>>> print(open('start-v9.cif').read())   # mmCIF, C-alpha atoms and all ligand atoms
data_work
loop_
_atom_site.group_PDB
_atom_site.id
_atom_site.type_symbol
_atom_site.label_atom_id
_atom_site.label_comp_id
_atom_site.auth_asym_id
_atom_site.auth_seq_id
_atom_site.Cartn_x
_atom_site.Cartn_y
_atom_site.Cartn_z
ATOM 1 C CA MET A 1 -36.914 30.507 98.485
ATOM 2 C CA ARG A 2 -36.437 31.985 95.045
ATOM 3 C CA LEU A 3 -33.755 34.623 94.725
ATOM 4 C CA TYR A 4 -34.243 36.801 91.677
ATOM 5 C CA GLY A 5 -31.143 37.810 89.740
ATOM 6 C CA LYS A 6 -28.893 36.139 92.299
ATOM 7 C CA ASP A 7 -27.825 33.036 90.344
ATOM 8 C CA LYS A 8 -24.205 34.088 90.120
ATOM 9 C CA ILE A 9 -23.600 34.968 93.761
ATOM 10 C CA CYS A 10 -25.657 31.978 94.978
ATOM 11 C CA GLY A 11 -23.529 29.757 92.737
ATOM 12 C CA ILE A 12 -20.315 31.140 94.227
ATOM 13 C CA LEU A 13 -21.554 30.849 97.828
ATOM 14 C CA SER A 14 -22.922 27.362 97.276
ATOM 15 C CA LYS A 15 -19.674 26.126 95.703
ATOM 16 C CA THR A 16 -17.633 27.635 98.555
ATOM 17 C CA ALA A 17 -19.903 25.927 101.095
ATOM 18 C CA ARG A 18 -19.676 22.561 99.311
ATOM 19 C CA GLN A 19 -15.889 22.822 99.502
ATOM 20 C CA ASN A 20 -16.168 23.615 103.218
ATOM 21 C CA ARG A 21 -14.497 26.948 102.657
ATOM 22 C CA LEU A 22 -17.349 29.252 103.682
ATOM 23 C CA SER A 23 -15.935 31.801 106.103
ATOM 24 C CA HIS A 24 -17.357 31.866 109.630
ATOM 25 C CA ALA A 25 -18.113 35.567 109.065
ATOM 26 C CA VAL A 26 -19.637 36.664 105.759
ATOM 27 C CA LEU A 27 -20.443 40.244 104.810
ATOM 28 C CA LEU A 28 -22.936 40.917 102.022
ATOM 29 C CA THR A 29 -22.733 44.409 100.597
ATOM 30 C CA GLY A 30 -24.878 46.083 97.963
ATOM 31 C CA LYS A 31 -27.440 48.802 97.372
ATOM 32 C CA SER A 32 -30.477 49.136 99.571
ATOM 33 C CA GLY A 33 -33.362 47.000 98.284
ATOM 34 C CA VAL A 34 -31.133 44.667 96.318
ATOM 35 C CA GLY A 35 -31.992 41.537 98.349
ATOM 36 C CA LYS A 36 -29.209 41.260 100.937
ATOM 37 C CA LYS A 37 -31.558 40.042 103.660
ATOM 38 C CA TYR A 38 -32.849 37.225 101.433
ATOM 39 C CA LEU A 39 -29.315 36.299 100.584
ATOM 40 C CA ALA A 40 -28.409 36.281 104.292
ATOM 41 C CA ARG A 41 -31.130 33.668 104.800
ATOM 42 C CA TYR A 42 -29.648 31.683 101.940
ATOM 43 C CA VAL A 43 -26.208 31.767 103.609
ATOM 44 C CA ALA A 44 -27.865 30.533 106.833
ATOM 45 C CA GLN A 45 -29.367 27.660 104.812
ATOM 46 C CA LEU A 46 -25.956 26.834 103.384
ATOM 47 C CA ILE A 47 -24.586 26.666 106.915
ATOM 48 C CA LEU A 48 -27.404 24.679 108.526
ATOM 49 C CA CYS A 49 -29.086 22.568 105.836
ATOM 50 C CA LYS A 50 -27.586 19.111 105.418
ATOM 51 C CA HIS A 51 -28.264 19.203 101.669
ATOM 52 C CA ASN A 52 -26.523 22.437 100.636
ATOM 53 C CA ALA A 53 -29.485 24.814 100.999
ATOM 54 C CA CYS A 54 -31.948 22.474 99.279
ATOM 55 C CA GLY A 55 -34.836 24.828 100.011
ATOM 56 C CA GLU A 56 -37.124 21.854 100.628
ATOM 57 C CA CYS A 57 -36.247 20.443 104.049
ATOM 58 C CA ALA A 58 -37.734 21.588 107.366
ATOM 59 C CA CYS A 59 -34.511 23.404 108.232
ATOM 60 C CA CYS A 60 -34.568 25.458 105.000
ATOM 61 C CA LYS A 61 -38.289 26.185 105.325
ATOM 62 C CA ASN A 62 -37.853 27.382 108.905
ATOM 63 C CA ILE A 63 -35.027 29.684 107.879
ATOM 64 C CA GLU A 64 -37.103 31.052 105.027
ATOM 65 C CA ASN A 65 -39.982 31.772 107.428
ATOM 66 C CA ASP A 66 -37.699 33.200 110.124
ATOM 67 C CA THR A 67 -38.749 30.477 112.570
ATOM 68 C CA HIS A 68 -35.472 28.565 112.852
ATOM 69 C CA PRO A 69 -34.362 28.590 116.513
ATOM 70 C CA ASP A 70 -30.660 28.768 115.608
ATOM 71 C CA VAL A 71 -30.905 31.677 113.171
ATOM 72 C CA VAL A 72 -31.013 35.024 114.943
ATOM 73 C CA PHE A 73 -31.697 38.347 113.267
ATOM 74 C CA ALA A 74 -29.835 40.467 115.807
ATOM 75 C CA ARG A 75 -31.466 43.813 115.154
ATOM 76 C CA LYS A 76 -34.988 42.392 115.189
ATOM 77 C CA LYS A 77 -34.188 40.514 118.382
ATOM 78 C CA CYS A 78 -33.086 43.804 119.991
ATOM 79 C CA GLY A 79 -36.483 45.350 119.252
ATOM 80 C CA GLY A 80 -35.854 46.720 115.755
ATOM 81 C CA LYS A 81 -32.742 48.768 116.444
ATOM 82 C CA TYR A 82 -29.262 48.168 117.788
ATOM 83 C CA SER A 83 -29.669 49.273 121.404
ATOM 84 C CA ALA A 84 -26.792 48.677 123.778
ATOM 85 C CA GLU A 85 -28.410 46.705 126.611
ATOM 86 C CA PRO A 86 -30.454 44.178 124.602
ATOM 87 C CA PHE A 87 -27.482 43.742 122.263
ATOM 88 C CA ARG A 88 -25.113 42.873 125.131
ATOM 89 C CA GLU A 89 -27.681 40.365 126.420
ATOM 90 C CA LEU A 90 -27.963 38.849 122.970
ATOM 91 C CA MET A 91 -24.201 38.466 122.713
ATOM 92 C CA LYS A 92 -24.181 36.719 126.099
ATOM 93 C CA ASP A 93 -26.765 34.242 124.762
ATOM 94 C CA ALA A 94 -24.507 33.477 121.825
ATOM 95 C CA VAL A 95 -22.292 31.226 123.942
ATOM 96 C CA ILE A 96 -25.222 28.884 124.604
ATOM 97 C CA LEU A 97 -25.048 25.882 122.282
ATOM 98 C CA PRO A 98 -27.433 25.560 119.313
ATOM 99 C CA ASN A 99 -30.840 23.884 119.663
ATOM 100 C CA ASN A 100 -30.809 21.663 116.613
ATOM 101 C CA GLY A 101 -27.602 21.335 114.690
ATOM 102 C CA LYS A 102 -23.958 22.194 114.872
ATOM 103 C CA PHE A 103 -24.211 25.935 114.413
ATOM 104 C CA LYS A 104 -25.968 29.088 115.485
ATOM 105 C CA VAL A 105 -26.159 31.804 112.821
ATOM 106 C CA TYR A 106 -26.296 35.458 113.835
ATOM 107 C CA ILE A 107 -27.412 37.877 111.145
ATOM 108 C CA PHE A 108 -26.427 41.510 111.628
ATOM 109 C CA GLU A 109 -28.397 43.577 109.145
ATOM 110 C CA GLU A 110 -27.166 46.994 108.072
ATOM 111 C CA CYS A 111 -24.084 46.729 110.246
ATOM 112 C CA ASP A 112 -22.968 50.083 108.827
ATOM 113 C CA THR A 113 -25.614 51.707 111.060
ATOM 114 C CA MET A 114 -24.187 50.343 114.320
ATOM 115 C CA THR A 115 -22.780 52.663 116.981
ATOM 116 C CA PRO A 116 -19.287 52.296 118.529
ATOM 117 C CA VAL A 117 -20.840 50.750 121.664
ATOM 118 C CA ILE A 118 -22.429 48.018 119.553
ATOM 119 C CA TYR A 119 -19.235 47.450 117.549
ATOM 120 C CA ASN A 120 -17.346 46.924 120.805
ATOM 121 C CA ALA A 121 -19.892 44.416 122.099
ATOM 122 C CA LEU A 122 -19.715 42.667 118.742
ATOM 123 C CA LEU A 123 -15.939 42.578 118.614
ATOM 124 C CA LYS A 124 -15.761 40.627 121.842
ATOM 125 C CA ILE A 125 -17.655 37.807 120.230
ATOM 126 C CA ILE A 126 -16.187 37.793 116.715
ATOM 127 C CA GLU A 127 -12.558 38.142 117.774
ATOM 128 C CA GLU A 128 -12.464 34.638 119.168
ATOM 129 C CA PRO A 129 -15.726 33.037 118.116
ATOM 130 C CA ALA A 130 -16.939 29.839 119.719
ATOM 131 C CA GLU A 131 -16.915 26.798 117.404
ATOM 132 C CA HIS A 132 -20.701 26.837 117.033
ATOM 133 C CA LEU A 133 -20.985 30.481 115.927
ATOM 134 C CA ARG A 134 -21.416 31.768 112.393
ATOM 135 C CA PHE A 135 -22.011 35.407 111.414
ATOM 136 C CA VAL A 136 -23.650 37.044 108.425
ATOM 137 C CA PHE A 137 -23.425 40.807 108.085
ATOM 138 C CA THR A 138 -25.160 43.023 105.554
ATOM 139 C CA CYS A 139 -24.390 46.646 104.741
ATOM 140 C CA THR A 140 -24.733 49.256 102.013
ATOM 141 C CA ASN A 141 -21.504 51.115 102.662
ATOM 142 C CA THR A 142 -18.447 49.153 103.744
ATOM 143 C CA ALA A 143 -16.528 52.422 104.277
ATOM 144 C CA LEU A 144 -18.629 52.978 107.416
ATOM 145 C CA VAL A 145 -17.774 49.611 108.936
ATOM 146 C CA PRO A 146 -14.715 49.706 111.241
ATOM 147 C CA GLU A 147 -11.554 47.989 110.099
ATOM 148 C CA THR A 148 -11.674 45.730 113.166
ATOM 149 C CA ILE A 149 -14.834 44.155 111.710
ATOM 150 C CA MET A 150 -13.831 44.340 108.040
ATOM 151 C CA SER A 151 -10.600 42.474 108.705
ATOM 152 C CA ARG A 152 -12.550 39.533 110.122
ATOM 153 C CA VAL A 153 -15.150 39.022 107.388
ATOM 154 C CA THR A 154 -15.213 37.720 103.843
ATOM 155 C CA VAL A 155 -16.937 40.290 101.653
ATOM 156 C CA TYR A 156 -19.362 39.390 98.869
ATOM 157 C CA GLU A 157 -20.733 42.092 96.601
ATOM 158 C CA VAL A 158 -24.430 41.727 95.847
ATOM 159 C CA ALA A 159 -25.154 42.966 92.328
ATOM 160 C CA ASP A 160 -28.211 45.052 91.432
ATOM 161 C CA THR A 161 -31.163 43.173 90.028
ATOM 162 C CA THR A 162 -32.062 43.960 86.423
ATOM 163 C CA VAL A 163 -35.361 45.520 85.370
ATOM 164 C CA GLU A 164 -36.301 42.117 83.887
ATOM 165 C CA ASP A 165 -35.568 40.242 87.151
ATOM 166 C CA CYS A 166 -37.611 42.800 89.028
ATOM 167 C CA GLU A 167 -40.526 42.500 86.588
ATOM 168 C CA ARG A 168 -40.473 38.722 86.918
ATOM 169 C CA TYR A 169 -40.415 38.977 90.697
ATOM 170 C CA LEU A 170 -43.411 41.338 90.741
ATOM 171 C CA ILE A 171 -45.431 39.234 88.292
ATOM 172 C CA ASP A 172 -44.669 36.060 90.289
ATOM 173 C CA SER A 173 -45.850 37.924 93.388
ATOM 174 C CA GLY A 174 -49.209 38.606 91.784
ATOM 175 C CA VAL A 175 -48.730 42.128 90.444
ATOM 176 C CA GLU A 176 -50.399 42.560 87.054
ATOM 177 C CA GLU A 177 -48.050 42.684 84.090
ATOM 178 C CA GLN A 178 -48.475 46.303 83.040
ATOM 179 C CA LYS A 179 -48.027 47.584 86.585
ATOM 180 C CA ALA A 180 -45.014 45.306 87.096
ATOM 181 C CA LYS A 181 -43.412 46.800 83.975
ATOM 182 C CA GLU A 182 -44.079 50.373 85.096
ATOM 183 C CA LEU A 183 -42.823 49.868 88.642
ATOM 184 C CA SER A 184 -39.678 48.051 87.531
ATOM 185 C CA ALA A 185 -38.896 50.917 85.167
ATOM 186 C CA VAL A 186 -39.586 53.648 87.720
ATOM 187 C CA PHE A 187 -37.512 51.977 90.437
ATOM 188 C CA SER A 188 -34.809 50.846 87.965
ATOM 189 C CA GLY A 189 -35.237 47.169 88.785
ATOM 190 C CA ASN A 190 -34.824 47.612 92.535
ATOM 191 C CA ILE A 191 -37.103 44.931 93.995
ATOM 192 C CA GLY A 192 -36.920 46.295 97.554
ATOM 193 C CA GLU A 193 -38.065 49.753 96.508
ATOM 194 C CA CYS A 194 -40.934 48.296 94.449
ATOM 195 C CA VAL A 195 -42.062 46.222 97.421
ATOM 196 C CA ASN A 196 -41.827 49.211 99.768
ATOM 197 C CA PHE A 197 -43.857 51.240 97.349
ATOM 198 C CA LEU A 198 -46.549 48.550 97.010
ATOM 199 C CA ASN A 199 -46.702 48.165 100.798
ATOM 200 C CA TYR A 200 -46.949 51.893 101.070
ATOM 201 C CA LEU A 201 -49.861 52.011 98.619
ATOM 202 C CA SER A 202 -51.733 49.208 100.305
ATOM 203 C CA GLY A 203 -50.795 49.906 103.895
ATOM 204 C CA ASN A 204 -50.399 53.439 104.924
ATOM 205 C CA GLU A 205 -53.555 55.277 103.931
ATOM 206 C CA LYS A 206 -52.691 58.282 106.055
ATOM 207 C CA ASN A 207 -49.357 58.920 104.310
ATOM 208 C CA LYS A 208 -50.949 58.346 100.950
ATOM 209 C CA LYS A 209 -53.587 60.941 101.740
ATOM 210 C CA THR A 210 -50.869 63.419 102.712
ATOM 211 C CA ALA A 211 -49.088 62.856 99.390
ATOM 212 C CA VAL A 212 -52.345 63.398 97.464
ATOM 213 C CA GLU A 213 -52.992 66.524 99.499
ATOM 214 C CA THR A 214 -49.520 67.836 98.579
ATOM 215 C CA ALA A 215 -50.154 66.930 94.941
ATOM 216 C CA ARG A 216 -53.376 68.946 95.008
ATOM 217 C CA LYS A 217 -51.497 72.000 96.292
ATOM 218 C CA ILE A 218 -48.783 71.591 93.667
ATOM 219 C CA ALA A 219 -51.392 71.353 90.893
ATOM 220 C CA SER A 220 -52.969 74.535 92.179
ATOM 221 C CA ALA A 221 -49.582 76.326 92.307
ATOM 222 C CA ILE A 222 -48.763 75.187 88.757
ATOM 223 C CA ALA A 223 -52.186 76.373 87.578
ATOM 224 C CA SER A 224 -51.363 79.854 88.948
ATOM 225 C CA ARG A 225 -47.852 79.721 87.420
ATOM 226 C CA ASP A 226 -46.459 79.933 90.945
ATOM 227 C CA ALA A 227 -43.139 78.201 90.293
ATOM 228 C CA TYR A 228 -41.736 79.037 93.713
ATOM 229 C CA SER A 229 -44.511 77.355 95.734
ATOM 230 C CA ALA A 230 -44.704 74.360 93.399
ATOM 231 C CA SER A 231 -40.976 73.811 93.662
ATOM 232 C CA ALA A 232 -40.936 74.165 97.462
ATOM 233 C CA LEU A 233 -43.815 71.699 97.828
ATOM 234 C CA ILE A 234 -42.144 69.078 95.634
ATOM 235 C CA SER A 235 -38.777 69.330 97.316
ATOM 236 C CA THR A 236 -40.327 68.716 100.748
ATOM 237 C CA SER A 237 -41.873 65.413 99.653
ATOM 238 C CA ALA A 238 -38.836 63.413 100.680
ATOM 239 C CA GLU A 239 -40.091 59.912 99.943
ATOM 240 C CA LYS A 240 -39.760 58.560 96.465
ATOM 241 C CA SER A 241 -43.150 56.887 96.763
ATOM 242 C CA ASP A 242 -44.694 60.282 97.621
ATOM 243 C CA PHE A 243 -43.116 61.753 94.555
ATOM 244 C CA TYR A 244 -44.504 58.944 92.411
ATOM 245 C CA ILE A 245 -48.010 59.640 93.734
ATOM 246 C CA ILE A 246 -47.561 63.362 93.030
ATOM 247 C CA LEU A 247 -46.424 62.769 89.438
ATOM 248 C CA ASP A 248 -49.314 60.389 88.875
ATOM 249 C CA TYR A 249 -51.752 62.976 90.211
ATOM 250 C CA LEU A 250 -50.307 65.777 88.077
ATOM 251 C CA THR A 251 -50.330 63.643 84.931
ATOM 252 C CA ASN A 252 -54.060 63.057 85.454
ATOM 253 C CA VAL A 253 -54.693 66.777 85.948
ATOM 254 C CA PHE A 254 -52.712 67.648 82.789
ATOM 255 C CA ARG A 255 -54.662 65.048 80.832
ATOM 256 C CA ASP A 256 -57.940 66.576 82.039
ATOM 257 C CA ALA A 257 -56.703 70.058 81.127
ATOM 258 C CA ILE A 258 -56.076 68.943 77.535
ATOM 259 C CA ALA A 259 -59.520 67.323 77.414
ATOM 260 C CA ILE A 260 -61.180 70.513 78.667
ATOM 261 C CA LYS A 261 -59.304 72.603 76.097
ATOM 262 C CA HIS A 262 -60.585 70.371 73.303
ATOM 263 C CA GLY A 263 -64.157 70.231 74.582
ATOM 264 C CA GLN A 264 -63.855 66.552 75.412
ATOM 265 C CA THR A 265 -65.133 64.845 78.524
ATOM 266 C CA ALA A 266 -62.677 65.201 81.375
ATOM 267 C CA GLU A 267 -62.463 62.818 84.295
ATOM 268 C CA TYR A 268 -62.222 65.810 86.598
ATOM 269 C CA TYR A 269 -59.584 64.395 88.807
ATOM 270 C CA ASP A 270 -59.078 67.885 90.177
ATOM 271 C CA LYS A 271 -61.608 70.050 88.390
ATOM 272 C CA GLU A 272 -60.463 73.426 89.646
ATOM 273 C CA SER A 273 -56.791 73.066 88.730
ATOM 274 C CA ALA A 274 -57.546 71.307 85.457
ATOM 275 C CA GLN A 275 -59.841 74.135 84.352
ATOM 276 C CA LYS A 276 -57.333 76.747 85.417
ATOM 277 C CA ILE A 277 -54.478 75.033 83.600
ATOM 278 C CA ALA A 278 -56.676 74.696 80.497
ATOM 279 C CA GLY A 279 -57.323 78.449 80.654
ATOM 280 C CA ASN A 280 -53.798 79.615 81.480
ATOM 281 C CA PHE A 281 -51.620 77.387 79.286
ATOM 282 C CA THR A 282 -51.348 76.517 75.614
ATOM 283 C CA ASP A 283 -51.711 72.981 74.247
ATOM 284 C CA LYS A 284 -48.008 72.864 73.677
ATOM 285 C CA GLU A 285 -47.230 73.897 77.247
ATOM 286 C CA ILE A 286 -49.550 71.279 78.731
ATOM 287 C CA THR A 287 -48.075 68.580 76.512
ATOM 288 C CA ARG A 288 -44.628 69.588 77.725
ATOM 289 C CA MET A 289 -45.817 69.284 81.339
ATOM 290 C CA THR A 290 -47.068 65.757 80.721
ATOM 291 C CA ASP A 291 -43.849 64.798 78.935
ATOM 292 C CA THR A 292 -41.694 66.193 81.756
ATOM 293 C CA ALA A 293 -43.713 64.354 84.421
ATOM 294 C CA PHE A 294 -43.380 61.149 82.462
ATOM 295 C CA GLU A 295 -39.679 61.678 81.825
ATOM 296 C CA ILE A 296 -38.986 62.145 85.526
ATOM 297 C CA SER A 297 -41.046 59.177 86.639
ATOM 298 C CA SER A 298 -39.242 56.909 84.202
ATOM 299 C CA ASN A 299 -35.635 57.887 84.864
ATOM 300 C CA GLU A 300 -33.123 58.006 87.622
ATOM 301 C CA ILE A 301 -32.995 61.715 88.321
ATOM 302 C CA TYR A 302 -34.942 61.449 91.574
ATOM 303 C CA ASN A 303 -32.187 59.319 93.056
ATOM 304 C CA ILE A 304 -29.794 62.227 92.871
ATOM 305 C CA ASN A 305 -31.574 64.695 95.092
ATOM 306 C CA PRO A 306 -35.220 65.658 95.714
ATOM 307 C CA ALA A 307 -34.539 69.411 95.603
ATOM 308 C CA LEU A 308 -32.735 69.066 92.281
ATOM 309 C CA THR A 309 -35.583 66.975 90.891
ATOM 310 C CA ALA A 310 -38.078 69.615 91.972
ATOM 311 C CA SER A 311 -36.204 72.412 90.245
ATOM 312 C CA TYR A 312 -35.692 70.285 87.118
ATOM 313 C CA PHE A 313 -39.383 69.427 86.994
ATOM 314 C CA ILE A 314 -40.605 72.973 87.558
ATOM 315 C CA SER A 315 -38.138 74.546 85.142
ATOM 316 C CA GLY A 316 -39.383 71.998 82.587
ATOM 317 C CA ILE A 317 -43.009 72.989 82.952
ATOM 318 C CA LEU A 318 -43.222 76.619 84.053
HETATM 319 ZN ZN ZN B 1 -32.484 22.178 103.109
#
>>> encode(input="start-v9.cif", output="structure tokens")
Amino acid sequence: MRLYGKDKICGILSKTARQNRLSHAVLLTGKSGVGKKYLARYVAQLILCKHNACGECACCKNIENDTHPDVVFARKKCGGKYSAEPFRELMKDAVILPNNGKFKVYIFEECDTMTPVIYNALLKIIEEPAEHLRFVFTCTNTALVPETIMSRVTVYEVADTTVEDCERYLIDSGVEEQKAKELSAVFSGNIGECVNFLNYLSGNEKNKKTAVETARKIASAIASRDAYSASALISTSAEKSDFYIILDYLTNVFRDAIAIKHGQTAEYYDKESAQKIAGNFTDKEITRMTDTAFEISSNEIYNINPALTASYFISGIL
């Protein structure tokens, strides 16, 4: 298992484990998409592998592939969300001794999304844990985790990955270099968001179609200088990946509009809007549109707020 941009924290965890000082309850906190789940698997390897998370032995491989019988992803085991009844059952199972080694590792992902009922069920087991139990928690916001839990865990902050780490990860995963560069820049080096976006592109054709449909409407609104409709349409596209598709679509339309204006061959991505934009806007205006679209797709503004991004984008082009 290769962890990108995690050398420092892996070093700290590994050293702590070698000195037998790894806490029985570890909490990994960091931004969404930063690799906390991968790191949780690494902690499980440190606990269960006899060679300090060598990555090579059957134990490590099983953990990496989520097939180790003594490593339990609690939320997944409860059917994808923390529901009270399956969770209580799961906690009852925790007292049963491990299958293979000395320990059983329970991983509680996004523990900041648990309800009070779940926290109570959890407390029972972590207050006086059996000898064979080890816990790994992950969360984005420690402020949402009750003090009763926080006081029983050792917290490790998981740093953001850099754009370079992210690029390397994508290239190693088979993404072509240029695309890896673009994605890493757009998602500011957040590997999780890049992966979600790629899955989204390859997987969910229906959602993708909806985003393209929205993009078509926005292009048409821009072509008619209808700032209000364009802005409303953009601000309702809540997903960042949708927004990326929309910007990509618009950039193609703007490029066609310039081509039409100069009597060059257009690709006619969206003939109607491109022709209308060519007729209604000056060269300078269309260039500004392209620049604004590019500026937004390559900086962080979207992270602030979709409605704000929409108004910034539209005020930049209309
Ligand atoms: Zn190993």
>>> resolve_selection(input="start-v9.cif", expression="the PyMOL selection byres (((chain A and resi 184) around 9) and not hetatm)", output="ChimeraX atom specification")
/A:162-167,170,179-183,185-191,194
>>> closest_residue(input="start-v9.cif", among="A:Ala159, A:Ala274, A:Cys60, A:Ala94", to="ligand ZN 1 (chain B)", atoms="all atoms listed in the file")
A:Cys60
>>> resolve_selection(input="start-v9.cif", expression="the PyMOL selection byres (((chain A and resi 31-34) around 9) and not hetatm)", output="PyMOL selection string")
chain A and resi 29-30+35-37+139-141+158-161+189-196
>>> resolve_selection(input="start-v9.cif", expression="the PyMOL selection byres (((chain A and resi 275-291) around 9) and not hetatm)", output="tab-separated table (two decimals) with C-alpha atoms, keeping the file's coordinate frame")
chain	number	residue	atom	x	y	z
A	219	ALA	CA	-51.39	71.35	90.89
A	220	SER	CA	-52.97	74.54	92.18
A	222	ILE	CA	-48.76	75.19	88.76
A	223	ALA	CA	-52.19	76.37	87.58
A	224	SER	CA	-51.36	79.85	88.95
A	225	ARG	CA	-47.85	79.72	87.42
A	250	LEU	CA	-50.31	65.78	88.08
A	251	THR	CA	-50.33	63.64	84.93
A	252	ASN	CA	-54.06	63.06	85.45
A	253	VAL	CA	-54.69	66.78	85.95
A	254	PHE	CA	-52.71	67.65	82.79
A	255	ARG	CA	-54.66	65.05	80.83
A	256	ASP	CA	-57.94	66.58	82.04
A	257	ALA	CA	-56.70	70.06	81.13
A	258	ILE	CA	-56.08	68.94	77.54
A	259	ALA	CA	-59.52	67.32	77.41
A	260	ILE	CA	-61.18	70.51	78.67
A	261	LYS	CA	-59.30	72.60	76.10
A	268	TYR	CA	-62.22	65.81	86.60
A	270	ASP	CA	-59.08	67.89	90.18
A	271	LYS	CA	-61.61	70.05	88.39
A	272	GLU	CA	-60.46	73.43	89.65
A	273	SER	CA	-56.79	73.07	88.73
A	274	ALA	CA	-57.55	71.31	85.46
A	292	THR	CA	-41.69	66.19	81.76
A	293	ALA	CA	-43.71	64.35	84.42
A	294	PHE	CA	-43.38	61.15	82.46
A	295	GLU	CA	-39.68	61.68	81.82
A	296	ILE	CA	-38.99	62.14	85.53
A	313	PHE	CA	-39.38	69.43	86.99
A	314	ILE	CA	-40.60	72.97	87.56
A	316	GLY	CA	-39.38	72.00	82.59
A	317	ILE	CA	-43.01	72.99	82.95
A	318	LEU	CA	-43.22	76.62	84.05
>>> residues_around(input="start-v9.cif", residues="A:Leu27", least_positions_apart="5", cutoff="9 Å", atoms="only C-alpha atoms", output="VMD selection string")
chain A and resid 40 135 to 139 150 153 to 157
>>> write_last_selection(input="start-v9.cif", atoms="C-alpha atoms", output="CSV table (one decimal), keeping the file's coordinate frame")
chain,number,residue,atom,x,y,z
A,40,ALA,CA,-28.4,36.3,104.3
A,135,PHE,CA,-22.0,35.4,111.4
A,136,VAL,CA,-23.6,37.0,108.4
A,137,PHE,CA,-23.4,40.8,108.1
A,138,THR,CA,-25.2,43.0,105.6
A,139,CYS,CA,-24.4,46.6,104.7
A,150,MET,CA,-13.8,44.3,108.0
A,153,VAL,CA,-15.2,39.0,107.4
A,154,THR,CA,-15.2,37.7,103.8
A,155,VAL,CA,-16.9,40.3,101.7
A,156,TYR,CA,-19.4,39.4,98.9
A,157,GLU,CA,-20.7,42.1,96.6
>>> residues_near_ligand(input="start-v9.cif", ligand="ligand ZN 1 (chain B)", cutoff="8 Å", atoms="only C-alpha atoms and all ligand atoms", output="list of chain:residue names")
A:Gln45, A:Leu48, A:Cys49, A:Lys50, A:His51, A:Asn52, A:Ala53, A:Cys54, A:Gly55, A:Glu56, A:Cys57, A:Ala58, A:Cys59, A:Cys60, A:Lys61
>>> atom_distance(input="start-v9.cif", atom1="atom CA of A:Val117", atom2="atom CA of A:Ala130")
21.4 Å
>>> atom_distance(input="start-v9.cif", atom1="atom CA of A:Tyr119", atom2="atom CA of A:Val145")
9.0 Å
>>> atom_distance(input="start-v9.cif", atom1="atom CA of A:Ile149", atom2="atom CA of A:Ala25")
9.6 Å
>>> closest_residue(input="start-v9.cif", among="A:Arg2, A:Val72, A:Thr113, A:Asp226", to="A:Asp93", atoms="only C-alpha atoms")
A:Val72
>>> axis_aligned_box(input="start-v9.cif", around="stretch 108-118 of chain A", padding_each_side="6 Å", output="JSON")
{"center_x": -23.8, "center_y": 47.1, "center_z": 114.9, "size_x": 21.1, "size_y": 23.2, "size_z": 25.6}
